[in-house]
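Here the structure is laid out as structure tokens; the discussion comes afterwards.
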Amino acid sequence: MIELTVADGVAEVVLNAPEKLNSLDEAAIGELAAAYLEAERMAQTGDIRALVLRGEGRAFCAGRDISGVDPREDDVLGYLGGLVEPLLQRMASIAVPTFAVAHGACLGVGLGLLIASDIVYVADTAKIGSPFANLGATLDSGGHALFVERLGAHRTMDLIVTGRLMSGAEAVAAGLFSQVFPADEVTDATRAAARAAASGATQAFVASKRLVAALRDDRLGLWASMSEENRAQAALCDTADYREGFAAFQEKRKPEFTGRG
């Protein structure tokens, strides 16, 4: 179900079970974790410098595959806490810029996959929200944190209680994700952005990725974040790309970054 390919320094991870809207059971979560483990290895060796996550068919990911789940015997913590949460943490920490293509249903665990990606380009027809009102379940995979931070408590509860789904255009306008595109353009736009990132100053991107994560997770204030920026900038001085960037600016030419430290 999970496919991993590499071209031009970009890894592409594909959820390929369109017949079930790319919903994820335990085995699929394991496959996805293995794909990201391999991508993590390739990032460390410099074989990839960006990553794209997308889904085949008419949906990105409709969430957990519950078609065979008996609610009386459901190991919720085993699935969400034991499998999904470690996967999302691994996705978020990979040392390259990561992109996701959001189209169709992006729900539950599917929403979590987007949250764990650095940059999310969204089809205008995407459906994003909390579909659990009719299941007796609650929003999971980081959805509460994302919605409260970006939408506020009242709008979050409105989405949860009504089950209303936001369009891709509405989600981007509300600040949930990066950019919105027509559905037939979003995959190409994401791939183009990933290729551009793969030719950029990877170590600088990763430094910013870590700073953004610290601001989000540790709630750094202005002066603390400024100090972290200063330290990150000082560390980048020792990289080949930092020297190349300055040389290219001074020589009035386009820089040629290698992504190496």
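By convention in this document, the chains of the structure tokens carry letters A, B, ... by their order, each chain's residues are numbered from 1, and ligands are numbered from 1 in the order they are shown.
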Worksheet item: When DSSP works through the backbone of this structure, what residues of region 109-236 of chain A end up as strand (DSSP E or B), shown as a PyMOL selection string?
Response: chain A and resi 119-123+127-129+165-167+179-181
Worksheet item: Skipping near chain neighbours, those fewer than 5 positions away, what residues fall within 10 Å of Ala193 (chain A) using only C-alpha atoms, listed as a ChimeraX atom specification?
Response: /A:50,52,99,119,121,187-188,198
Can you write just those residues out, all heavy atoms, as a PDB file, in the first residue's frame?
```pdb
ATOM      1  N   ALA A  50      14.658  16.601   0.150  1.00  0.00           N
ATOM      2  CA  ALA A  50      13.265  17.015   0.343  1.00  0.00           C
ATOM      3  C   ALA A  50      12.409  15.763   0.228  1.00  0.00           C
ATOM      4  O   ALA A  50      12.863  14.721  -0.272  1.00  0.00           O
ATOM      5  CB  ALA A  50      12.828  18.058  -0.682  1.00  0.00           C
ATOM      6  N   VAL A  52       8.121  14.423  -0.427  1.00  0.00           N
ATOM      7  CA  VAL A  52       6.712  14.690  -0.737  1.00  0.00           C
ATOM      8  C   VAL A  52       5.880  13.493  -0.280  1.00  0.00           C
ATOM      9  O   VAL A  52       6.231  12.341  -0.555  1.00  0.00           O
ATOM     10  CB  VAL A  52       6.497  14.918  -2.250  1.00  0.00           C
ATOM     11  CG1 VAL A  52       5.007  14.980  -2.583  1.00  0.00           C
ATOM     12  CG2 VAL A  52       7.204  16.181  -2.709  1.00  0.00           C
ATOM     13  N   PHE A  99       6.990  18.010   2.364  1.00  0.00           N
ATOM     14  CA  PHE A  99       5.795  18.579   1.747  1.00  0.00           C
ATOM     15  C   PHE A  99       4.693  17.522   1.726  1.00  0.00           C
ATOM     16  O   PHE A  99       4.975  16.324   1.609  1.00  0.00           O
ATOM     17  CB  PHE A  99       6.080  19.008   0.308  1.00  0.00           C
ATOM     18  CG  PHE A  99       7.098  20.102   0.160  1.00  0.00           C
ATOM     19  CD1 PHE A  99       8.466  19.833   0.311  1.00  0.00           C
ATOM     20  CD2 PHE A  99       6.713  21.396  -0.132  1.00  0.00           C
ATOM     21  CE1 PHE A  99       9.409  20.837   0.169  1.00  0.00           C
ATOM     22  CE2 PHE A  99       7.657  22.406  -0.280  1.00  0.00           C
ATOM     23  CZ  PHE A  99       8.997  22.130  -0.123  1.00  0.00           C
ATOM     24  N   ILE A 119       5.267  21.542   5.143  1.00  0.00           N
ATOM     25  CA  ILE A 119       4.582  22.419   4.192  1.00  0.00           C
ATOM     26  C   ILE A 119       3.457  21.614   3.555  1.00  0.00           C
ATOM     27  O   ILE A 119       3.703  20.508   3.052  1.00  0.00           O
ATOM     28  CB  ILE A 119       5.560  22.933   3.115  1.00  0.00           C
ATOM     29  CG1 ILE A 119       6.679  23.751   3.768  1.00  0.00           C
ATOM     30  CG2 ILE A 119       4.832  23.758   2.058  1.00  0.00           C
ATOM     31  CD1 ILE A 119       7.895  23.942   2.891  1.00  0.00           C
ATOM     32  N   TYR A 121       0.423  21.786   0.748  1.00  0.00           N
ATOM     33  CA  TYR A 121      -0.303  22.424  -0.347  1.00  0.00           C
ATOM     34  C   TYR A 121      -1.642  21.700  -0.503  1.00  0.00           C
ATOM     35  O   TYR A 121      -1.688  20.467  -0.541  1.00  0.00           O
ATOM     36  CB  TYR A 121       0.503  22.367  -1.633  1.00  0.00           C
ATOM     37  CG  TYR A 121       1.713  23.292  -1.638  1.00  0.00           C
ATOM     38  CD1 TYR A 121       2.639  23.245  -2.665  1.00  0.00           C
ATOM     39  CD2 TYR A 121       1.925  24.215  -0.612  1.00  0.00           C
ATOM     40  CE1 TYR A 121       3.742  24.093  -2.688  1.00  0.00           C
ATOM     41  CE2 TYR A 121       3.020  25.059  -0.626  1.00  0.00           C
ATOM     42  CZ  TYR A 121       3.927  24.994  -1.658  1.00  0.00           C
ATOM     43  OH  TYR A 121       5.018  25.835  -1.670  1.00  0.00           O
ATOM     44  N   THR A 187      -0.715  18.688  -7.113  1.00  0.00           N
ATOM     45  CA  THR A 187       0.398  17.722  -7.040  1.00  0.00           C
ATOM     46  C   THR A 187       1.622  18.261  -7.776  1.00  0.00           C
ATOM     47  O   THR A 187       2.753  18.195  -7.256  1.00  0.00           O
ATOM     48  CB  THR A 187      -0.020  16.368  -7.627  1.00  0.00           C
ATOM     49  OG1 THR A 187      -1.102  15.836  -6.854  1.00  0.00           O
ATOM     50  CG2 THR A 187       1.138  15.376  -7.584  1.00  0.00           C
ATOM     51  N   ASP A 188       1.418  18.796  -8.956  1.00  0.00           N
ATOM     52  CA  ASP A 188       2.559  19.353  -9.709  1.00  0.00           C
ATOM     53  C   ASP A 188       3.184  20.529  -8.960  1.00  0.00           C
ATOM     54  O   ASP A 188       4.417  20.677  -8.944  1.00  0.00           O
ATOM     55  CB  ASP A 188       2.103  19.803 -11.097  1.00  0.00           C
ATOM     56  CG  ASP A 188       1.823  18.635 -12.036  1.00  0.00           C
ATOM     57  OD1 ASP A 188       2.261  17.513 -11.726  1.00  0.00           O
ATOM     58  OD2 ASP A 188       1.160  18.855 -13.070  1.00  0.00           O
ATOM     59  N   ALA A 198      15.020  20.952  -2.750  1.00  0.00           N
ATOM     60  CA  ALA A 198      16.112  19.970  -2.808  1.00  0.00           C
ATOM     61  C   ALA A 198      17.384  20.542  -3.400  1.00  0.00           C
ATOM     62  O   ALA A 198      18.463  19.958  -3.237  1.00  0.00           O
ATOM     63  CB  ALA A 198      15.667  18.741  -3.601  1.00  0.00           C
TER      64      ALA A 198
END
```
Worksheet item: Rounded to one decimal in Å, what is the spacing between CA of Leu114 (chain A) and CA of Tyr36 (chain A)?
Response: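 Interatomic distance, CA of Leu114 (chain A) to CA of Tyr36 (chain A): 14.2 Å.
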Item to complete: Considering only C-alpha atoms, state which residue in the set A:Ile29, A:Leu111, A:Val76, A:Ala11 is at the smallest distance from Ala171 (chain A).
Response: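 Residue with the minimum atom-to-atom distance to Ala171 (chain A): A:Leu111.
Here the question is which of A:Gln250, A:Leu220, A:Glu19, A:Ala207 gets nearest to Ala232 (chain A) using only C-alpha atoms, and that residue is A:Ala207.
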Worksheet entry | region 156-165 of chain A surroundings by only C-alpha atoms, 6 Å radius, close-in-sequence under 5 positions cut, as a VMD selection string | chain A and resid 127 to 131 133 147 to 148
Convert the current residue selection to file output with N, CA and C atoms, as a PDB file, in the first residue's frame.
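Once written, out.pdb looks like this:
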```
ATOM      1  N   LYS A 127     -11.285  18.243   1.917  1.00  0.00           N
ATOM      2  CA  LYS A 127     -12.230  18.256   3.034  1.00  0.00           C
ATOM      3  C   LYS A 127     -11.461  18.005   4.330  1.00  0.00           C
ATOM      4  N   ILE A 128     -11.499  18.996   5.219  1.00  0.00           N
ATOM      5  CA  ILE A 128     -10.685  18.968   6.428  1.00  0.00           C
ATOM      6  C   ILE A 128     -11.555  19.306   7.629  1.00  0.00           C
ATOM      7  N   GLY A 129     -11.451  18.500   8.684  1.00  0.00           N
ATOM      8  CA  GLY A 129     -12.242  18.778   9.876  1.00  0.00           C
ATOM      9  C   GLY A 129     -12.305  17.577  10.787  1.00  0.00           C
ATOM     10  N   SER A 130     -13.382  17.486  11.554  1.00  0.00           N
ATOM     11  CA  SER A 130     -13.566  16.405  12.520  1.00  0.00           C
ATOM     12  C   SER A 130     -14.843  15.645  12.176  1.00  0.00           C
ATOM     13  N   PRO A 131     -14.727  14.476  11.548  1.00  0.00           N
ATOM     14  CA  PRO A 131     -15.912  13.749  11.092  1.00  0.00           C
ATOM     15  C   PRO A 131     -16.472  12.771  12.132  1.00  0.00           C
ATOM     16  N   ALA A 133     -18.437  13.078  14.816  1.00  0.00           N
ATOM     17  CA  ALA A 133     -19.678  13.306  15.553  1.00  0.00           C
ATOM     18  C   ALA A 133     -20.616  12.104  15.477  1.00  0.00           C
ATOM     19  N   PHE A 147      -6.289  22.918  15.549  1.00  0.00           N
ATOM     20  CA  PHE A 147      -7.481  23.745  15.403  1.00  0.00           C
ATOM     21  C   PHE A 147      -7.558  24.843  16.458  1.00  0.00           C
ATOM     22  N   VAL A 148      -7.254  24.504  17.714  1.00  0.00           N
ATOM     23  CA  VAL A 148      -7.330  25.530  18.756  1.00  0.00           C
ATOM     24  C   VAL A 148      -6.298  26.625  18.506  1.00  0.00           C
TER      25      VAL A 148
END
```
Worksheet entry | All residues 8 Å or closer to Leu88 (chain A), only C-alpha atoms, same chain fewer than 4 positions away omitted, as JSON, numbers by chain | {"A": [84, 92, 112, 113, 116]}
Item to complete: May I have all residues of region 165-239 of chain A that DSSP, computed from the backbone, assigns to helix (DSSP H, G or I), given as JSON, numbers by chain?
Response: {"A": [168, 169, 170, 171, 172, 173, 186, 187, 188, 189, 190, 191, 192, 193, 194, 195, 196, 197, 198, 202, 203, 204, 205, 206, 207, 208, 209, 210, 211, 212, 213, 214, 215, 216, 217, 218, 222, 223, 224, 225, 226, 227, 228, 229, 230, 231, 232, 233, 234, 235, 236]}
